There are 2 protein chains.
Amino acid sequence: MTPIANDTLLRALLREPTAYTPLWLMRQAGRYLPEYNATRARAGSFLALATSPALATEVTLQPLDRYALDAAILFSDILTVPDAMGLGLRFVAGEGPRFEHPLRDEQQILALRAPDLDRLRYVFDAVAQIRRALLADGVQRVPLIGFSGSPWTLACYMIEGAGSDDWRQAKTLMYARPDLMHHLLRVNAEAVAAYLNAQIEAGAQAVMLFDSWGGALADRAFQEFSLQYSRQVLAALRREHAGRRVPSILFTKGGGPWLQAMSDCGADALGVDWTVDLGAARARVGDRVALQGNLDPSVLFAPPQAIEREARAVLDSFGPIEAGQAVGHVFNLGHGISQFTPVEHVQALVETVHSYSRALHRGSSQAGQ
Amino acid sequence: MTPIANDTLLRALLREPTAYTPLWLMRQAGRYLPEYNATRARAGSFLALATSPALATEVTLQPLDRYALDAAILFSDILTVPDAMGLGLRFVAGEGPRFEHPLRDEQQILALRAPDLDRLRYVFDAVAQIRRALLADGVQRVPLIGFSGSPWTLACYMIEGAGSDDWRQAKTLMYARPDLMHHLLRVNAEAVAAYLNAQIEAGAQAVMLFDSWGGALADRAFQEFSLQYSRQVLAALRREHAGRRVPSILFTKGGGPWLQAMSDCGADALGVDWTVDLGAARARVGDRVALQGNLDPSVLFAPPQAIEREARAVLDSFGPIEAGQAVGHVFNLGHGISQFTPVEHVQALVETVHSYSRALHRGSSQAGQ
């Protein structure tokens, strides 16, 4: 078991006592960082960057060299699995991801199979290489998080072929042919579970399911077409590897209405967006899961003083912390960090979360400045 | 007091007993209707259509001639008020609304005043003309709903100058200069209240505040920057006109997390989107407000059989109805109807809601088939 210098993230995800609230940022290796843009320019394209283990390792570590973040997250794309199924992922400048062969008829859907994991070897190689790069004198700096899109979120893109405001084609299939949608989701769930288990084998020490479009679903449809299949993935995951528990996180953007149902889905933690009050969420999920979130990324456009105020308000909203007690809060944004974020604003956030939460964890009633 | 042949909508909004669940559709006069597209083509542009009382009257009545809807809603745009403040509303084909003079500095914001209502005369003229057009032999077919954008939603567009994925500029101002944002919202609240009261004077028999972007706000920010100002508008509204109560509706898209706080904002009814279970929402808001919603508009892309199934599920989700008792449900979509909706699918929806809810209102425990 490789020793980890800072395992605060893993402890918080498993609701073990920590000295402060750990934080990482969704999309922390991204376009707001000049060093990321330089590497991406060298790579030539986003896909070239994401499919090169060496370059993916380089950008994964960039935010850690700049900020005292408590986790690394694999640099990759949520759509690698359908690409490996043969849908042909490409990125059009300014338009986001597209599939060359979206699923448009019954035959295509029924012919779909979970991919040969060899076609995703570049991802597992990146995981292993990042793990090595995180070592300093035999000690790992921070844990590495692996991830995948959720079965529903993958299905959205696989049917639509690209991002969408209303997921019209995906929802039309869901309402008109629920049998076909369930077939597709079963295949996706099997594929995602195998993919995440292979990431764990390669060295991912926590895994996250990004259910980015679960929140587009109606009540009832969410439970039937999104949550049910996230649950299947979570049930099939390895819970331990190399002597350590491997915590899992489910993040449904816009999933606030369903936190209670999500809290027994098998994940160790739930990601929550900024529309949710963390204290109220904590009351709803009880001690069944940790919570990850939930600063509005737009706060990072404001000056450091406002960032400090809002970050403290998020920490305060989680509710009282007794010294030495389990808490289960991982600080994050409620969505990926924007490319327009000034780099020095992230510094202000990291410092505030660490210093203010350290005071809160000492159990002082006046955490203060 | 003009008699209304079908006042089911007004009764449901005021939580009085009704024989069935009334329905209307957000954006019911819109691009899915060929007759609407014909009128719009004649008008030359969306703005020409919206600013002509005669043409606005024509398209307002079109969906009523095709379907047995229980209300007419004024055909207009949510951004008429900032346009009258001098921001210069225009529509770019395929891009939605834009302001020629968005608010970009402190001076502009501090100089802002509620508009001279004379600049919105075309709206009040349309309201009066629609009321006349709804008469047959001295009896009004269905009630007419007036509306406005909420103070926060107007502010989003006024600052950003156009629609946005993240409302970056609006939120940056909000977090960096809350004092300026509050100033802007105070002016908007005053303007919106005056605007809606003038619509009521002209003949609107219910009014709705569209808080289309309240759901983009973080918890706490929503209460401070959106709900507070909707409350101010609602408190300033005329509650009665021409011998009738004028019910009010507040719709915050994505407002599910805040239904409880919204239920004492002064509105008679709250609009809810499809992420919310109506029964759970009813439990949270109690008998303080009626609820309006909440079918996912994407259901209307599926065949009539699926539409029937989903519409019944929405009606069932509201929970048991005792014959002759107050209920307070107005059926609607959880968002505007899509331009891609087949017209015959709307027919299936209207028929299902009326027939199935009529059975439910008879208090039969087995309403359906």
# chains A, B, ... in the order shown; residues from 1 in each chain; ligands from 1
>>> calpha_fit_and_write(fixed="chain A", moving="chain B", output="short mmCIF file (atom, residue, chain, number, x, y, z; two decimals) with C-alpha atoms, in the first residue's frame")
data_model
loop_
_atom_site.label_atom_id
_atom_site.label_comp_id
_atom_site.auth_asym_id
_atom_site.auth_seq_id
_atom_site.Cartn_x
_atom_site.Cartn_y
_atom_site.Cartn_z
CA MET B 1 0.02 -0.02 0.01
CA THR B 2 1.62 3.22 -1.19
CA PRO B 3 1.60 5.79 1.60
CA ILE B 4 -0.28 9.00 0.79
CA ALA B 5 1.07 12.22 2.26
CA ASN B 6 -2.36 13.84 2.22
CA ASP B 7 -5.29 11.41 2.30
CA THR B 8 -7.82 13.96 3.62
CA LEU B 9 -10.02 13.54 0.56
CA LEU B 10 -10.36 9.77 0.99
CA ARG B 11 -11.12 10.16 4.68
CA ALA B 12 -13.77 12.83 4.06
CA LEU B 13 -15.44 10.74 1.33
CA LEU B 14 -15.62 7.82 3.77
CA ARG B 15 -16.91 10.10 6.55
CA GLU B 16 -13.85 9.64 8.73
CA PRO B 17 -12.60 12.54 10.89
CA THR B 18 -10.32 15.05 9.14
CA ALA B 19 -8.41 18.13 10.31
CA TYR B 20 -10.02 20.35 7.67
CA THR B 21 -12.37 20.22 4.68
CA PRO B 22 -10.48 18.91 1.62
CA LEU B 23 -11.12 20.52 -1.75
CA TRP B 24 -10.62 19.88 -5.39
CA LEU B 25 -12.29 21.54 -8.40
CA MET B 26 -14.20 19.90 -11.18
CA ARG B 27 -12.25 20.58 -14.42
CA GLN B 28 -9.29 21.78 -12.32
CA ALA B 29 -6.94 20.91 -15.19
CA GLY B 30 -8.49 23.20 -17.76
CA ARG B 31 -8.49 26.26 -19.95
CA TYR B 32 -8.28 28.83 -17.13
CA LEU B 33 -4.66 27.70 -16.64
CA PRO B 34 -2.09 29.16 -19.09
CA GLU B 35 0.12 26.07 -18.66
CA TYR B 36 -2.82 23.87 -19.71
CA ASN B 37 -3.36 25.95 -22.82
CA ALA B 38 0.33 25.66 -23.66
CA THR B 39 0.25 21.85 -23.40
CA ARG B 40 -2.96 21.67 -25.39
CA ALA B 41 -1.44 23.83 -28.11
CA ARG B 42 1.52 21.45 -28.27
CA ALA B 43 -0.85 18.46 -28.46
CA GLY B 44 -2.69 20.04 -31.39
CA SER B 45 -6.20 19.13 -30.23
CA PHE B 46 -8.21 18.20 -27.17
CA LEU B 47 -8.47 14.58 -28.28
CA ALA B 48 -4.73 14.30 -28.91
CA LEU B 49 -4.21 15.63 -25.39
CA ALA B 50 -6.76 13.30 -23.80
CA THR B 51 -5.51 10.19 -25.60
CA SER B 52 -1.83 10.70 -24.81
CA PRO B 53 -0.95 9.24 -21.38
CA ALA B 54 2.15 11.44 -21.16
CA LEU B 55 0.30 14.67 -21.93
CA ALA B 56 -2.73 13.71 -19.81
CA THR B 57 -0.32 13.14 -16.94
CA GLU B 58 1.30 16.50 -17.51
CA VAL B 59 -1.97 18.47 -17.39
CA THR B 60 -3.39 16.41 -14.51
CA LEU B 61 -0.50 17.56 -12.34
CA GLN B 62 -0.51 21.21 -13.40
CA PRO B 63 -3.16 22.49 -10.95
CA LEU B 64 -1.48 20.56 -8.11
CA ASP B 65 1.78 22.39 -8.75
CA ARG B 66 0.01 25.73 -8.56
CA TYR B 67 -2.49 25.16 -5.72
CA ALA B 68 -2.67 23.09 -2.51
CA LEU B 69 -5.52 20.96 -3.85
CA ASP B 70 -6.36 17.76 -2.00
CA ALA B 71 -6.81 15.49 -5.00
CA ALA B 72 -5.73 14.86 -8.56
CA ILE B 73 -8.39 13.90 -11.08
CA LEU B 74 -7.60 11.97 -14.22
CA PHE B 75 -7.58 14.23 -17.27
CA SER B 76 -9.91 12.58 -19.74
CA ASP B 77 -13.32 13.01 -21.37
CA ILE B 78 -16.66 11.64 -20.17
CA LEU B 79 -17.37 10.21 -23.65
CA THR B 80 -14.44 7.80 -23.98
CA VAL B 81 -16.66 4.73 -23.52
CA PRO B 82 -19.09 5.35 -26.42
CA ASP B 83 -16.08 6.29 -28.55
CA ALA B 84 -14.62 2.85 -27.78
CA MET B 85 -18.00 1.36 -28.78
CA GLY B 86 -17.38 2.75 -32.26
CA LEU B 87 -19.42 5.96 -32.24
CA GLY B 88 -16.46 8.08 -33.36
CA LEU B 89 -15.86 10.91 -30.91
CA ARG B 90 -14.58 14.17 -32.30
CA PHE B 91 -14.44 17.77 -31.13
CA VAL B 92 -15.46 20.66 -33.31
CA ALA B 93 -13.85 23.95 -32.23
CA GLY B 94 -16.32 26.01 -30.20
CA GLU B 95 -19.02 23.37 -30.43
CA GLY B 96 -18.03 20.67 -27.97
CA PRO B 97 -18.14 16.91 -28.52
CA ARG B 98 -19.80 15.19 -31.47
CA PHE B 99 -20.27 11.56 -32.45
CA GLU B 100 -19.80 10.67 -36.09
CA HIS B 101 -22.17 7.72 -35.74
CA PRO B 102 -24.96 8.61 -33.29
CA LEU B 103 -27.55 5.94 -32.52
CA ARG B 104 -30.46 6.59 -34.81
CA ASP B 105 -32.32 3.32 -35.21
CA GLU B 106 -33.36 0.20 -33.37
CA GLN B 107 -30.80 -2.01 -35.15
CA GLN B 108 -27.89 0.18 -34.06
CA ILE B 109 -29.07 0.15 -30.46
CA LEU B 110 -29.69 -3.60 -30.36
CA ALA B 111 -26.26 -4.25 -31.91
CA LEU B 112 -24.46 -2.20 -29.26
CA ARG B 113 -22.01 -4.03 -27.01
CA ALA B 114 -19.80 -3.00 -24.08
CA PRO B 115 -16.43 -2.14 -25.65
CA ASP B 116 -13.25 -4.16 -25.62
CA LEU B 117 -11.32 -2.51 -22.78
CA ASP B 118 -8.18 -2.65 -24.91
CA ARG B 119 -9.60 0.26 -26.87
CA LEU B 120 -9.46 2.27 -23.64
CA ARG B 121 -5.93 1.22 -22.77
CA TYR B 122 -4.73 4.82 -23.17
CA VAL B 123 -6.93 5.80 -20.19
CA PHE B 124 -5.59 3.08 -17.91
CA ASP B 125 -2.05 3.90 -19.00
CA ALA B 126 -2.67 7.53 -18.08
CA VAL B 127 -3.98 6.48 -14.65
CA ALA B 128 -0.85 4.40 -13.99
CA GLN B 129 1.45 7.13 -15.25
CA ILE B 130 -0.27 9.83 -13.15
CA ARG B 131 0.07 7.62 -10.08
CA ARG B 132 3.83 7.38 -10.72
CA ALA B 133 4.08 11.12 -11.30
CA LEU B 134 2.34 11.80 -7.99
CA LEU B 135 5.11 9.99 -6.09
CA ALA B 136 7.87 11.88 -4.30
CA ASP B 137 10.39 9.74 -2.42
CA GLY B 138 7.99 6.81 -2.43
CA VAL B 139 5.12 8.84 -0.96
CA GLN B 140 2.09 9.86 -3.00
CA ARG B 141 1.20 13.56 -2.70
CA VAL B 142 -2.62 13.28 -2.93
CA PRO B 143 -5.08 10.60 -4.07
CA LEU B 144 -6.07 10.19 -7.72
CA ILE B 145 -9.75 10.25 -8.72
CA GLY B 146 -10.93 8.33 -11.80
CA PHE B 147 -14.29 8.96 -13.48
CA SER B 148 -16.83 8.14 -16.14
CA GLY B 149 -20.03 9.59 -17.54
CA SER B 150 -23.13 7.91 -16.10
CA PRO B 151 -25.10 5.46 -18.25
CA TRP B 152 -27.87 8.04 -18.80
CA THR B 153 -25.52 10.90 -19.61
CA LEU B 154 -23.64 8.73 -22.11
CA ALA B 155 -26.96 7.70 -23.68
CA CYS B 156 -27.93 11.38 -24.12
CA TYR B 157 -24.87 12.06 -26.26
CA MET B 158 -24.97 8.68 -28.01
CA ILE B 159 -28.49 9.34 -29.30
CA GLU B 160 -28.30 13.07 -29.84
CA GLY B 161 -24.79 12.89 -31.34
CA ALA B 162 -23.86 16.17 -29.61
CA GLY B 163 -24.81 18.41 -26.72
CA SER B 164 -28.36 19.71 -26.63
CA ASP B 165 -30.55 22.22 -24.83
CA ASP B 166 -33.47 19.85 -24.46
CA TRP B 167 -32.15 16.35 -25.40
CA ARG B 168 -35.11 16.07 -27.71
CA GLN B 169 -34.07 12.92 -29.53
CA ALA B 170 -32.92 11.13 -26.38
CA LYS B 171 -36.14 11.95 -24.56
CA THR B 172 -38.29 11.10 -27.53
CA LEU B 173 -36.75 7.62 -27.60
CA MET B 174 -37.15 7.34 -23.84
CA TYR B 175 -40.85 8.18 -23.89
CA ALA B 176 -41.69 6.46 -27.16
CA ARG B 177 -39.55 3.33 -26.83
CA PRO B 178 -38.65 2.84 -23.16
CA ASP B 179 -37.69 -0.76 -23.97
CA LEU B 180 -34.93 0.37 -26.35
CA MET B 181 -33.70 3.02 -23.93
CA HIS B 182 -33.49 0.43 -21.17
CA HIS B 183 -31.51 -1.86 -23.46
CA LEU B 184 -29.04 0.92 -24.23
CA LEU B 185 -28.74 1.84 -20.55
CA ARG B 186 -28.07 -1.79 -19.56
CA VAL B 187 -25.20 -1.96 -22.05
CA ASN B 188 -23.86 1.38 -20.84
CA ALA B 189 -24.05 0.34 -17.18
CA GLU B 190 -22.10 -2.83 -17.90
CA ALA B 191 -19.51 -0.90 -19.90
CA VAL B 192 -19.11 1.88 -17.33
CA ALA B 193 -18.69 -0.57 -14.45
CA ALA B 194 -15.97 -2.47 -16.34
CA TYR B 195 -14.31 0.81 -17.31
CA LEU B 196 -14.23 2.15 -13.75
CA ASN B 197 -13.02 -1.17 -12.35
CA ALA B 198 -10.16 -1.10 -14.85
CA GLN B 199 -9.32 2.45 -13.75
CA ILE B 200 -9.28 1.20 -10.14
CA GLU B 201 -7.00 -1.69 -11.13
CA ALA B 202 -4.70 0.80 -12.84
CA GLY B 203 -4.52 2.98 -9.74
CA ALA B 204 -7.57 5.25 -9.35
CA GLN B 205 -8.18 5.61 -5.61
CA ALA B 206 -11.68 7.07 -5.79
CA VAL B 207 -14.14 7.12 -8.69
CA MET B 208 -16.82 9.57 -9.71
CA LEU B 209 -19.85 9.13 -11.93
CA PHE B 210 -20.74 12.34 -13.77
CA ASP B 211 -24.49 12.27 -14.33
CA SER B 212 -24.31 15.64 -16.05
CA TRP B 213 -27.74 15.38 -17.65
CA GLY B 214 -29.73 13.47 -15.05
CA GLY B 215 -31.14 16.81 -13.96
CA ALA B 216 -32.77 17.24 -17.37
CA LEU B 217 -35.11 14.37 -16.54
CA ALA B 218 -38.56 14.58 -15.03
CA ASP B 219 -39.26 13.13 -11.62
CA ARG B 220 -39.99 9.38 -12.06
CA ALA B 221 -37.98 9.36 -15.33
CA PHE B 222 -34.86 10.25 -13.33
CA GLN B 223 -35.32 7.31 -10.99
CA GLU B 224 -36.13 4.89 -13.82
CA PHE B 225 -33.62 5.94 -16.49
CA SER B 226 -30.74 7.54 -14.61
CA LEU B 227 -30.53 6.53 -10.96
CA GLN B 228 -31.38 2.87 -11.55
CA TYR B 229 -28.38 2.46 -13.85
CA SER B 230 -25.97 4.48 -11.72
CA ARG B 231 -26.96 2.11 -8.93
CA GLN B 232 -26.12 -0.87 -11.14
CA VAL B 233 -22.69 0.57 -11.87
CA LEU B 234 -22.00 1.32 -8.22
CA ALA B 235 -23.07 -2.19 -7.17
CA ALA B 236 -20.56 -3.69 -9.63
CA LEU B 237 -17.58 -1.61 -8.52
CA ARG B 238 -14.59 -2.94 -6.62
CA ARG B 239 -14.86 -1.50 -3.11
CA GLU B 240 -11.23 -2.07 -2.24
CA HIS B 241 -7.92 -2.15 -4.06
CA ALA B 242 -4.30 -2.43 -2.93
CA GLY B 243 -5.40 -2.52 0.70
CA ARG B 244 -7.53 0.62 0.58
CA ARG B 245 -11.24 1.34 0.32
CA VAL B 246 -12.06 3.01 -3.01
CA PRO B 247 -14.79 5.57 -2.35
CA SER B 248 -17.32 6.41 -5.04
CA ILE B 249 -19.07 9.70 -5.81
CA LEU B 250 -22.26 10.23 -7.81
CA PHE B 251 -22.86 13.74 -9.10
CA THR B 252 -26.17 14.57 -10.75
CA LYS B 253 -26.16 18.21 -11.82
CA GLY B 254 -29.60 19.51 -10.87
CA GLY B 255 -30.16 16.44 -8.72
CA GLY B 256 -31.22 18.36 -5.61
CA PRO B 257 -34.83 17.12 -5.72
CA TRP B 258 -33.65 13.50 -5.55
CA LEU B 259 -30.93 13.58 -2.90
CA GLN B 260 -32.88 11.35 -0.58
CA ALA B 261 -33.36 8.65 -3.22
CA MET B 262 -29.74 9.00 -4.26
CA SER B 263 -28.42 8.58 -0.73
CA ASP B 264 -28.95 4.81 -0.79
CA CYS B 265 -27.68 4.24 -4.34
CA GLY B 266 -24.42 2.68 -3.16
CA ALA B 267 -22.19 5.74 -3.55
CA ASP B 268 -20.07 6.89 -0.62
CA ALA B 269 -20.63 10.53 -1.52
CA LEU B 270 -23.02 12.66 -3.55
CA GLY B 271 -22.00 15.73 -5.50
CA VAL B 272 -24.43 18.64 -5.14
CA ASP B 273 -24.78 21.81 -7.17
CA TRP B 274 -25.17 25.33 -5.77
CA THR B 275 -28.97 25.40 -5.70
CA VAL B 276 -28.86 23.17 -2.63
CA ASP B 277 -28.32 24.29 0.97
CA LEU B 278 -25.69 21.88 2.32
CA GLY B 279 -27.20 21.85 5.81
CA ALA B 280 -30.64 20.93 4.46
CA ALA B 281 -29.02 18.32 2.19
CA ARG B 282 -27.14 16.87 5.15
CA ALA B 283 -30.41 16.54 7.05
CA ARG B 284 -31.95 14.70 4.10
CA VAL B 285 -29.14 12.22 3.46
CA GLY B 286 -28.25 11.67 7.12
CA ASP B 287 -25.08 9.67 7.72
CA ARG B 288 -25.54 7.49 4.64
CA VAL B 289 -23.25 9.52 2.37
CA ALA B 290 -20.72 12.33 2.38
CA LEU B 291 -21.48 15.48 0.36
CA GLN B 292 -19.27 17.14 -2.23
CA GLY B 293 -19.81 20.76 -3.30
CA ASN B 294 -21.17 23.33 -3.81
CA LEU B 295 -19.85 26.81 -4.60
CA ASP B 296 -21.29 28.51 -7.69
CA PRO B 297 -18.29 28.67 -10.09
CA SER B 298 -19.40 32.23 -10.95
CA VAL B 299 -18.26 33.32 -7.49
CA LEU B 300 -14.72 32.96 -8.84
CA PHE B 301 -15.28 35.88 -11.23
CA ALA B 302 -15.70 38.23 -8.25
CA PRO B 303 -12.78 39.75 -6.29
CA PRO B 304 -10.99 37.69 -3.59
CA GLN B 305 -12.93 39.37 -0.79
CA ALA B 306 -16.24 38.16 -2.24
CA ILE B 307 -14.75 34.69 -2.84
CA GLU B 308 -13.74 34.48 0.81
CA ARG B 309 -17.20 35.54 1.96
CA GLU B 310 -18.99 33.02 -0.27
CA ALA B 311 -16.61 30.12 0.45
CA ARG B 312 -17.10 30.63 4.18
CA ALA B 313 -20.85 30.75 3.70
CA VAL B 314 -20.70 27.35 1.96
CA LEU B 315 -18.60 25.90 4.79
CA ASP B 316 -20.94 27.42 7.39
CA SER B 317 -24.02 26.11 5.58
CA PHE B 318 -22.83 22.55 6.11
CA GLY B 319 -23.61 23.06 9.80
CA PRO B 320 -21.79 22.55 13.07
CA ILE B 321 -18.70 20.35 13.26
CA GLU B 322 -17.59 18.79 16.51
CA ALA B 323 -13.85 18.45 16.93
CA GLY B 324 -12.63 14.96 16.04
CA GLN B 325 -16.02 13.85 14.71
CA ALA B 326 -16.83 12.47 11.28
CA VAL B 327 -18.12 15.19 8.97
CA GLY B 328 -18.10 14.04 5.37
CA HIS B 329 -17.77 17.26 3.41
CA VAL B 330 -15.53 17.66 0.37
CA PHE B 331 -15.45 21.23 -0.89
CA ASN B 332 -15.88 21.66 -4.62
CA LEU B 333 -17.66 23.84 -7.13
CA GLY B 334 -21.19 22.92 -8.14
CA HIS B 335 -20.00 22.57 -11.75
CA GLY B 336 -16.72 22.67 -13.68
CA ILE B 337 -14.53 25.73 -13.27
CA SER B 338 -15.02 28.30 -16.04
CA GLN B 339 -12.29 29.02 -18.56
CA PHE B 340 -12.71 32.72 -17.70
CA THR B 341 -11.63 32.27 -14.07
CA PRO B 342 -8.61 34.40 -13.04
CA VAL B 343 -5.91 32.07 -11.70
CA GLU B 344 -5.26 34.20 -8.59
CA HIS B 345 -8.92 33.87 -7.61
CA VAL B 346 -8.50 30.11 -7.29
CA GLN B 347 -5.63 30.76 -4.91
CA ALA B 348 -7.93 32.85 -2.71
CA LEU B 349 -10.49 30.05 -2.68
CA VAL B 350 -8.02 27.32 -1.76
CA GLU B 351 -6.55 29.38 1.07
CA THR B 352 -9.94 30.34 2.48
CA VAL B 353 -11.32 26.81 2.42
CA HIS B 354 -8.26 25.38 4.12
CA SER B 355 -7.81 28.02 6.80
CA TYR B 356 -11.46 28.62 7.62
CA SER B 357 -12.39 24.92 7.66
CA ARG B 358 -9.39 24.12 9.84
CA ALA B 359 -10.79 26.51 12.43
CA LEU B 360 -14.26 24.97 12.06
CA HIS B 361 -12.79 21.48 12.55
CA ARG B 362 -11.12 22.55 15.75
CA GLY B 363 -14.69 22.87 16.92
CA SER B 364 -14.38 26.53 17.71
CA SER B 365 -17.80 28.13 17.69
CA GLN B 366 -16.29 31.31 16.23
CA ALA B 367 -14.23 29.99 13.38
CA GLY B 368 -13.92 33.18 11.50
CA GLN B 369 -13.01 36.77 11.79
#
>>> select_by_dssp(residues="stretch 133-239 of chain B", states="strand (DSSP E)", output="NGL selection string")
:B and (135-136 or 139-140 or 144-149 or 206-211)
>>> select_by_dssp(residues="stretch 76-271 of chain B", states="alpha helix (DSSP H)", output="PyMOL selection string")
chain B and resi 80-82+106-111+121-133+151-160+168-176+178-202+221+228-235+259-262
>>> write_last_selection(atoms="C-alpha atoms", output="mmCIF file, in the first residue's frame")
data_model
loop_
_atom_site.group_PDB
_atom_site.id
_atom_site.type_symbol
_atom_site.label_atom_id
_atom_site.label_comp_id
_atom_site.auth_asym_id
_atom_site.auth_seq_id
_atom_site.Cartn_x
_atom_site.Cartn_y
_atom_site.Cartn_z
ATOM 1 C CA THR B 80 -40.740 44.575 -23.010
ATOM 2 C CA VAL B 81 -40.013 46.483 -19.778
ATOM 3 C CA PRO B 82 -36.225 46.921 -20.229
ATOM 4 C CA GLU B 106 -22.246 51.863 -12.573
ATOM 5 C CA GLN B 107 -23.460 55.129 -14.145
ATOM 6 C CA GLN B 108 -25.860 53.327 -16.465
ATOM 7 C CA ILE B 109 -27.298 51.314 -13.596
ATOM 8 C CA LEU B 110 -27.669 54.297 -11.267
ATOM 9 C CA ALA B 111 -29.343 56.311 -14.042
ATOM 10 C CA ARG B 121 -49.156 51.228 -24.457
ATOM 11 C CA TYR B 122 -49.063 48.632 -27.263
ATOM 12 C CA VAL B 123 -49.139 45.875 -24.608
ATOM 13 C CA PHE B 124 -52.136 47.293 -22.772
ATOM 14 C CA ASP B 125 -53.898 47.869 -26.083
ATOM 15 C CA ALA B 126 -53.293 44.225 -26.962
ATOM 16 C CA VAL B 127 -54.732 43.124 -23.599
ATOM 17 C CA ALA B 128 -57.894 45.176 -24.182
ATOM 18 C CA GLN B 129 -58.235 43.974 -27.749
ATOM 19 C CA ILE B 130 -57.758 40.306 -26.770
ATOM 20 C CA ARG B 131 -60.427 40.696 -24.098
ATOM 21 C CA ARG B 132 -62.854 41.978 -26.756
ATOM 22 C CA ALA B 133 -61.907 39.172 -29.126
ATOM 23 C CA PRO B 151 -36.980 41.537 -11.670
ATOM 24 C CA TRP B 152 -34.048 39.082 -11.505
ATOM 25 C CA THR B 153 -34.698 37.550 -14.911
ATOM 26 C CA LEU B 154 -34.930 41.002 -16.491
ATOM 27 C CA ALA B 155 -31.673 41.985 -14.761
ATOM 28 C CA CYS B 156 -29.926 38.916 -16.240
ATOM 29 C CA TYR B 157 -30.683 40.027 -19.783
ATOM 30 C CA MET B 158 -30.173 43.731 -19.056
ATOM 31 C CA ILE B 159 -26.611 43.110 -17.877
ATOM 32 C CA GLU B 160 -25.649 40.274 -20.180
ATOM 33 C CA ARG B 168 -21.352 35.307 -16.075
ATOM 34 C CA GLN B 169 -21.596 39.082 -16.234
ATOM 35 C CA ALA B 170 -24.831 39.253 -14.238
ATOM 36 C CA LYS B 171 -23.443 36.996 -11.526
ATOM 37 C CA THR B 172 -20.119 38.768 -11.450
ATOM 38 C CA LEU B 173 -21.927 42.042 -10.745
ATOM 39 C CA MET B 174 -24.094 40.321 -8.151
ATOM 40 C CA TYR B 175 -21.143 38.889 -6.227
ATOM 41 C CA ALA B 176 -18.772 41.804 -6.742
ATOM 42 C CA PRO B 178 -24.329 43.465 -4.548
ATOM 43 C CA ASP B 179 -25.249 47.099 -3.837
ATOM 44 C CA LEU B 180 -25.543 47.888 -7.558
ATOM 45 C CA MET B 181 -27.461 44.698 -8.255
ATOM 46 C CA HIS B 182 -29.907 45.538 -5.485
ATOM 47 C CA HIS B 183 -30.375 49.009 -6.946
ATOM 48 C CA LEU B 184 -31.152 47.550 -10.364
ATOM 49 C CA LEU B 185 -33.548 45.000 -8.868
ATOM 50 C CA ARG B 186 -35.414 47.698 -6.908
ATOM 51 C CA VAL B 187 -35.977 49.665 -10.115
ATOM 52 C CA ASN B 188 -37.070 46.509 -11.933
ATOM 53 C CA ALA B 189 -39.480 45.522 -9.156
ATOM 54 C CA GLU B 190 -41.109 48.943 -9.239
ATOM 55 C CA ALA B 191 -41.356 48.846 -13.036
ATOM 56 C CA VAL B 192 -42.734 45.298 -13.175
ATOM 57 C CA ALA B 193 -45.383 46.007 -10.546
ATOM 58 C CA ALA B 194 -46.573 49.092 -12.435
ATOM 59 C CA TYR B 195 -46.519 47.151 -15.710
ATOM 60 C CA LEU B 196 -48.587 44.256 -14.349
ATOM 61 C CA ASN B 197 -51.050 46.599 -12.648
ATOM 62 C CA ALA B 198 -51.557 48.374 -15.974
ATOM 63 C CA GLN B 199 -52.169 44.995 -17.639
ATOM 64 C CA ILE B 200 -54.756 44.251 -14.936
ATOM 65 C CA GLU B 201 -56.401 47.645 -15.535
ATOM 66 C CA ALA B 202 -56.506 46.859 -19.247
ATOM 67 C CA ALA B 221 -28.515 34.191 -3.667
ATOM 68 C CA GLN B 228 -37.135 39.098 -2.446
ATOM 69 C CA TYR B 229 -37.970 41.198 -5.506
ATOM 70 C CA SER B 230 -40.711 38.916 -6.810
ATOM 71 C CA ARG B 231 -42.240 39.318 -3.362
ATOM 72 C CA GLN B 232 -42.053 43.105 -3.700
ATOM 73 C CA VAL B 233 -43.839 42.946 -7.049
ATOM 74 C CA LEU B 234 -46.530 40.625 -5.732
ATOM 75 C CA ALA B 235 -47.124 42.846 -2.685
ATOM 76 C CA LEU B 259 -40.836 25.845 -3.035
ATOM 77 C CA GLN B 260 -41.326 26.170 0.684
ATOM 78 C CA ALA B 261 -39.828 29.669 0.801
ATOM 79 C CA MET B 262 -41.776 30.623 -2.304
#
